[in-house]
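Let me begin by presenting the structure, written as structure tokens, before commenting on it.
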Amino acid sequence: MMSRRGFVSSAAVLTGAAVVSGRIQAAGIPEAPTTRTTAMQPPVVPSSGPDYQPVATLNGWTLPWRMNGDVKEFHLVAEPVVREFAPGMKANLWGYNGQAPGPTIEAVEGDKVRIFVTNKLPEHTTVHWHGLILPNGMDGVGGLTQPHIKPGKTFVYEFELKKSGSFMYHPHSDEMVQMAMGMMGMFVVHPRDPKFRRVDRDFVVIMSAYAIDPGTYLPKVSEMTDFNMWTWNSRVFPGIDPMPVRLGDRVRIRIGNLTMTNHPIHIHGHTFAVSCTDGGWVPESAQWPEATVDVPVGSIRAVDFLADNPGDWALHCHKTHHAMNAMGHNVRNMIGVNQRPLAGDVRRLVPDYMPMGSEGTAPMAQMQMPLPDNTLPMMTGFGPFGPLEMGGMFTVIKIREGLAANDYKDPGPYKHPSGTVAYEVEGPTPAPAKQSPKSKS
Amino acid sequence: MMSRRGFVSSAAVLTGAAVVSGRIQAAGIPEAPTTRTTAMQPPVVPSSGPDYQPVATLNGWTLPWRMNGDVKEFHLVAEPVVREFAPGMKANLWGYNGQAPGPTIEAVEGDKVRIFVTNKLPEHTTVHWHGLILPNGMDGVGGLTQPHIKPGKTFVYEFELKKSGSFMYHPHSDEMVQMAMGMMGMFVVHPRDPKFRRVDRDFVVIMSAYAIDPGTYLPKVSEMTDFNMWTWNSRVFPGIDPMPVRLGDRVRIRIGNLTMTNHPIHIHGHTFAVSCTDGGWVPESAQWPEATVDVPVGSIRAVDFLADNPGDWALHCHKTHHAMNAMGHNVRNMIGVNQRPLAGDVRRLVPDYMPMGSEGTAPMAQMQMPLPDNTLPMMTGFGPFGPLEMGGMFTVIKIREGLAANDYKDPGPYKHPSGTVAYEVEGPTPAPAKQSPKSKS
Amino acid sequence: MMSRRGFVSSAAVLTGAAVVSGRIQAAGIPEAPTTRTTAMQPPVVPSSGPDYQPVATLNGWTLPWRMNGDVKEFHLVAEPVVREFAPGMKANLWGYNGQAPGPTIEAVEGDKVRIFVTNKLPEHTTVHWHGLILPNGMDGVGGLTQPHIKPGKTFVYEFELKKSGSFMYHPHSDEMVQMAMGMMGMFVVHPRDPKFRRVDRDFVVIMSAYAIDPGTYLPKVSEMTDFNMWTWNSRVFPGIDPMPVRLGDRVRIRIGNLTMTNHPIHIHGHTFAVSCTDGGWVPESAQWPEATVDVPVGSIRAVDFLADNPGDWALHCHKTHHAMNAMGHNVRNMIGVNQRPLAGDVRRLVPDYMPMGSEGTAPMAQMQMPLPDNTLPMMTGFGPFGPLEMGGMFTVIKIREGLAANDYKDPGPYKHPSGTVAYEVEGPTPAPAKQSPKSKS
């Protein structure tokens with residue numbers, strides 16, 4: 001786990017370091033914190049400057065910074081990383097500061113920021129600050145607004161944060177490949193007025209998709225549609241953190257999408273509205289009540305809701321394939337065919353063969369089928385009542401009484417009040433339903 | 001045709017039946033009406049309780065209920081069904097109460113409902129009540145909020161309808177497979193105030209997509225993108241009911257989407273606005289004027305418009321492939337190549353071969369090409385002026401003067417007033433258009 | 001280049017030509033202007049009638065008309081065309097009046113229009129006026145509202161423009177094939193009140209997608225998802241016109257989508273709002289601030305923004321594959337594998353083989369790889385700082401001080417004020433970032 005406190009205090013020594021306006025010596029570059037963990041790091045509560053509710057990045061962290069005069073300095077390092085999607089599967093990606101996606105950048109409306117970007121990739125890169133209003137030369141479009149950053153080099157971006165909201169950063173240099181390899185992160189600018197659209201819990205998710213053949217580690221970067229790893233913060237269920245929430249909290253979930261298709265994110269048990277896009281805050285007069293928010297590619301939707309309904313509430317992409325893990329997408333339906341005795345034989349010939357069930361696929365979630373190396377079962381995760389039969393873009397909002405502010409530990413399974421769970425009728429099921437004759441009127 | 005009247009009166013005998021709070025004997029389960037017809041059943045006008053405008057489910061029906069004390073009791077039976085997509089093609093699906101999709105559930109804001117779900121599938125299932133606000137244990141997420149319902153068992157869901165609007169029901173158990181097999185239905189909660197957002201005609205459509213190889217009957221349940229049956233209420237044009245509407249009616253069409261992609265539904269001749277999502281009613285200040293509404297996956301868009309323009313108005317998905325029936329999607333373009341003499345030879349080798357036309361494909365709609373068994377022509381349906389050359393997600397809104405309220409019989413072709421139809425110029429077409437020279441300024 | 005001035009004056013002679021109400025002789029058909037250029041034609045500033053800001057169609061033009069009494073007469077000719085997508089690649093398409101897409105039709109709210117449509121295709125066609133409110137018989141749905149227009153015939157459409165806004169025209173006859181071949185155009189109706197939602201620059205883009213195998217010329221018209229030419233006005237970057245804009249201008253970009261998927265259009269450096277759909281003007285109370293607008297299929301989004309940030313701002317589809325030119329989509333990732341020596345050998349066997357780079361694909365943009373005939377490099381276009389590594393749906397908004405009104409000439413590269421471009425740190429890059437130990441708290 002990395003420590004912001006340690007970083008800030010050691011960084012404080014550098015506060016007065018010489019900065020040549022417009023030209024900085026390598027010695028003046030701030031430290032680049034990095035992490036190897038995929039566990040969500042505690043939100044970084046501001047200890048000075050304007051107050052704000054810090055965000056919690058699922059399976060991720062916030063990038064520490066140092067003050068240099070009145071400028072917040074950050075350091076991103078673009079580099080190859082190994083990312084665990086869920087226990088049992090890792091991928092060779094490109095990311096920032098040890099992980100993919102990169103750390104969330106948090107700052108405050110009106111801040112001046114200086115962001116150092118070091119390129120440790122085998123090819124050139126840049127960083128585009130998606131949605132931010134800045135001078136043209138800081139926009140990060142390689143070839144158009146700046147030279148590409150060559151391997152081994154460090155570039156400096158400097159701008160003022162003109163408005164609060166939810167933004168992203170990602171390369172604008174060999175863009176298709178670099179995003180398909182996982183390079184992206186969120187950039188949250190908090191309002192200078194701490195009361196503006198304030199919430200109690202503020203979660204961050206960025207969506208990416210990968211095409212990784214079973215048993216392999218490297219995404220196929222030219223794939224356009226047939227992805228098999230649909231991820232939140234480059235994690236898949238059951239590897240995605242739950243969202244612990246205190247009953248009565250105002251909750252925000254900021255969801256960015258850098259895949260190749262829309263993701264309709266469905267929240268159970270609550271009605272919500274989009275409060276913010278990557279373009280800014282949506283006026284109340286323009287908000288729609290929603291049960292599912294369709295997040296377009298290259299966009300962010302921050303949704304706000306009141307957590308007034310206690311329990312374990314599913315939150316997932318409603319494209320059913322996106323709430324599953326790796327599988328073939330052009331498989332014959334074997335409903336009605338008993339094929340289990342054949343599976344071993346076939347797999348000797350076709351190592352990534354995964355049979356579909358003859359009574360549906362639910363029984364497969366409970367079998368212990370041998371899988372290719374580095375491959376997750378397509379439906380996994382267990383809840384208090386049995387297998388969840390979901391994977392991919394799925395997690396659970398856990399709304400409980402009495403959680404402490406900024407406590408994001410998993411509170412365990414929900415205890416339902418008596419008589420509030422769907423229940424089985426006693427005794428044998430009655431005879432087949434009466435067939436109403438067509439002629440009967 | 002099934003009869004609500006008969007059902008309600010026989011059910012009335014059971015009104016006082018013993019119900020063990022939280023535990024019900026099998027003998028107390030209400031009858032499960034079922035139907036074999038794909039014809040739209042007349043809307044169920046309320047005979048008691050609050051007044052409301054009942055919905056008309058295209059090619060479908062509303063599930064009858066019985067009162068048990070102050071509770072409305074419904075009974076859904078999950079089971080294998082045979083669904084006719086259009087005359088000439090049937091599919092082996094999974095559905096509810098004899099059809100797929102299941103019957104529409106209609107009730108009123110504030111109602112207490114008790115819904116029995118009997119599982120006659122070969123694998124376990126659950127029912128999730130999409131968009132409804134209810135206790136966590138009634139949310140229907142197998143493994144998370146309840147045990148899965150095993151084959152042969154019946155479960156009970158009980159909750160109060162907290163708000164009016166347009167909702168859905170579908171499994172949350174082996175979800176990808178069970179929805180790919182057709183399991184879904186709409187759940188309409190009418191406002192307690194009969195005047196709130198009242199309309200004169202209220203249609204219900206739920207969209208699903210299937211991958212069924214030509215000549216076969218079973219959907220490929222692991223298909224992610226390459227579907228060939230794009231359906232409304234598991235029907236394709238010309239098998240989809242028209243929408244008869246009286247000139248001057250306020251019309252609502254509630255469209256749910258449980259496919260794997262957005263469907264942009266285009267309505268000809270009228271401007272409309274989204275009045276309701278699966279999250280609730282959209283305030284007027286937030287409504288957009290639209291000619292096409294993009295319905296995201298896992299979402300509902302109810303659109304309202306004034307039927308002030310008489311005639312036959314097309315209503316269809318604007319993704320052109322979705323307004324077609326089965327065809328291959330990676331076929332070489334034969335425009336300019338005469339291949340008709342070869343089609344028979346090729347089909348002896350490749351039974352599902354369908355050639356593309358050498359002058360476009362319109363001439364094919366008029367040929368009588370032999371097709372594989374259980375396969376529809378890709379472009380079908382005839383109108384008063386010839387072949388429509390559409391299939392899939394397409395139907396016609398028929399706006400006429402003088403229809404009776406709640407009369408949904410097809411009024412036949414529109415009689416255009418004189419001089420209001422596009423017409424052919426008399427005489428030979430003039431010489432080729434003059435080519436404006438590039439140099440001319 | 002075609003001349004509106006010349007057309008109008010020669011057409012004036014015909015103003016009194018005999019028009020049989022409801023039946024027109026071939027001799028009365030107006031001239032059909034045509035063009036062979038793909039360069040953007042200057043906007044047609046109105047010289048009589050209500051004032052309005054004319055639109056600029058990227059790589060396109062506005063269809064001239066003649067007055068006949070109080071009716072504006074236009075003539076569209078549906079015909080095979082050759083369209084250059086960018087220098088180095090041409091396609092055999094179907095279009096209107098010499099190009100695909102067809103010319104933009106511009107008129108004014110309240111105008112009476114008469115549009116002649118001559119069919120020079122090998123199969124029948126019709127024209128549907130998407131979003132316009134008109135009599136049912138003028139709606140252009142072949143078979144439903146009119147007979148199809150046979151090859152060699154000319155049909156007449158007549159209607160009044162009931163409302164202002166952004167609309168489209170396209171066939172409703174063998175619709176999938178004819179749109180896949182490029183048949184479409186925009187139809188802009190200006191408000192009668194010249195001050196209503198007035199802007200200073202008004203650009204028109206219609207999006208279409210094609211599946212054209214490398215080395216071939218004809219789109220595969222039955223393709224549903226795997227397109228490789230994602231175009232604006234049937235052009236791809238670097239063949240797409242830039243958008244010159246004067247600093248301080250109010251800018252509108254009207255974007256129509258007739259592909260098979262949503263396109264999220266991202267504008268750099270500015271926040272915008274949707275002001276108009278194909279259904280009409282969006283009230284201010286309902287507008288959202290956006291950095292990316294997701295344009296659904298069969299829809300138009302007109303976005304308005306204030307050009308208050310000078311520079312070269314990228315405008316592109318944020319689906320990364322759509323900002324690339326032709327490539328295979330199921331290619332193995334070769335990052336880490338040196339394959340360049342093999343490329344020639346493989347291409348002798350597989351003529352359209354394009355290897356992916358072993359250090360990413362950016363180095364490929366700078367190599368001069370031999371390509372199949374009539375095929376564009378997948379990443380092309382050069383800016384002031386080097387290769388842009390983009391293709392497809394990409395162009396640049398060039399915001400400059402001091403441009404003249406209605407001057408759309410490319411103003412050349414932006415001159416950045418001193419100290420406003422991201423810059424390289426001097427000296428060697430420091431040692432690898434310190435790895436924060438997991439145990440450190």
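Convention: chains lettered A, B, ... in structure tokens order; per-chain residue numbering from 1; ligands numbered from 1 as shown.
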Contacts of segment 89-91 of chain B at 7 Å (only C-alpha atoms; same-chain gap of 2+ positions) as a list in words: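 Near segment 89-91 of chain B, the qualifying residues are Val82, Arg83, Glu84, Phe85, Ala86, Pro87, Leu93, Tyr217, Leu218, Asn374, Thr375 and Leu376 of chain B.
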Can you write out as a Markdown table which residues of chain A fall within 6 Å of chain C, alongside each residue's closest atom pair and its distance in Å to one decimal, counting only C-alpha atoms and ordering rows by chain and ascending residue number?
| residue | atom | partner | partner_atom | distance |
| --- | --- | --- | --- | --- |
| A:Met1 | CA | C:Lys438 | CA | 4.2 |
| A:Met2 | CA | C:Ser436 | CA | 5.3 |
| A:Ser3 | CA | C:Ser441 | CA | 5.3 |
| A:Gly22 | CA | C:Gly419 | CA | 5.9 |
| A:Ile24 | CA | C:Val425 | CA | 5.4 |
| A:Gln25 | CA | C:Glu426 | CA | 5.0 |
| A:Ala26 | CA | C:Gly427 | CA | 5.5 |
| A:Ala32 | CA | C:Ala433 | CA | 5.2 |
| A:Thr34 | CA | C:Gln435 | CA | 5.6 |
| A:Thr35 | CA | C:Ser436 | CA | 5.9 |
| A:Pro122 | CA | C:Glu359 | CA | 5.5 |
| A:Glu123 | CA | C:Glu359 | CA | 5.8 |
| A:Gly131 | CA | C:Ala291 | CA | 5.6 |
| A:Ile133 | CA | C:Gly269 | CA | 5.1 |
| A:Asn136 | CA | C:Gly311 | CA | 5.4 |
| A:Gly137 | CA | C:Val421 | CA | 3.8 |
| A:Met138 | CA | C:Ala422 | CA | 5.2 |
| A:Gly143 | CA | C:Gly386 | CA | 4.1 |
| A:Leu144 | CA | C:Gly383 | CA | 4.7 |
| A:Gln146 | CA | C:Phe385 | CA | 5.6 |
| A:Pro147 | CA | C:Phe385 | CA | 4.8 |
| A:Thr154 | CA | C:Val425 | CA | 5.6 |
| A:Phe155 | CA | C:Glu424 | CA | 4.2 |
| A:Val156 | CA | C:Tyr423 | CA | 5.4 |
| A:Tyr157 | CA | C:Ala422 | CA | 5.0 |
| A:Asp174 | CA | C:Ala362 | CA | 5.1 |
| A:Met176 | CA | C:Thr320 | CA | 5.0 |
| A:Lys220 | CA | C:Asn333 | CA | 4.9 |
| A:Ser222 | CA | C:His329 | CA | 5.0 |
| A:Glu223 | CA | C:His329 | CA | 4.7 |
| A:Met224 | CA | C:His329 | CA | 5.7 |
| A:Met260 | CA | C:Lys319 | CA | 5.3 |
| A:Asp278 | CA | C:Ala291 | CA | 5.7 |
| A:Gly279 | CA | C:Glu290 | CA | 3.8 |
| A:Gly280 | CA | C:Pro289 | CA | 5.4 |
| A:Val282 | CA | C:Trp288 | CA | 5.4 |
| A:Ser285 | CA | C:Ser285 | CA | 5.7 |
| A:Ala286 | CA | C:Ala286 | CA | 4.1 |
| A:Gly298 | CA | C:His318 | CA | 5.2 |
Check the DSSP output for the backbone and give back, as a ChimeraX atom specification, the residues of segment 129-348 of chain B in strand (DSSP E). /B:129-130,154-160,165-170,185-190,201-210,229-232,243-246,250-257,263-267,273-277,280-281,292-295,299-306,311-317
With only C-alpha atoms as the basis for distance, which of B:Tyr52, B:Phe305, B:Trp65, B:Trp129 is at the shortest distance from His172 of chain B? B:Trp129
Report, in Å with one decimal, the straight-line distance from atom CA of Pro42 of chain C to atom CA of Met184 of chain C.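 Result for atom CA of Pro42 of chain C versus atom CA of Met184 of chain C: 20.5 Å, one decimal.
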Choose the residue, out of C:Val177, C:Met207, C:Ala107, C:Met183, that has the smallest atom-to-atom separation from Val45 of chain C; count only C-alpha atoms.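 Closest to Val45 of chain C of all the choices is C:Ala107.
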Neighbour list for Arg235 of chain A as a ChimeraX atom specification, cut-off 9 Å, only C-alpha atoms, skip fewer than 4 positions in-chain: /A:38,59,83-86,229-231,239-241,392-393
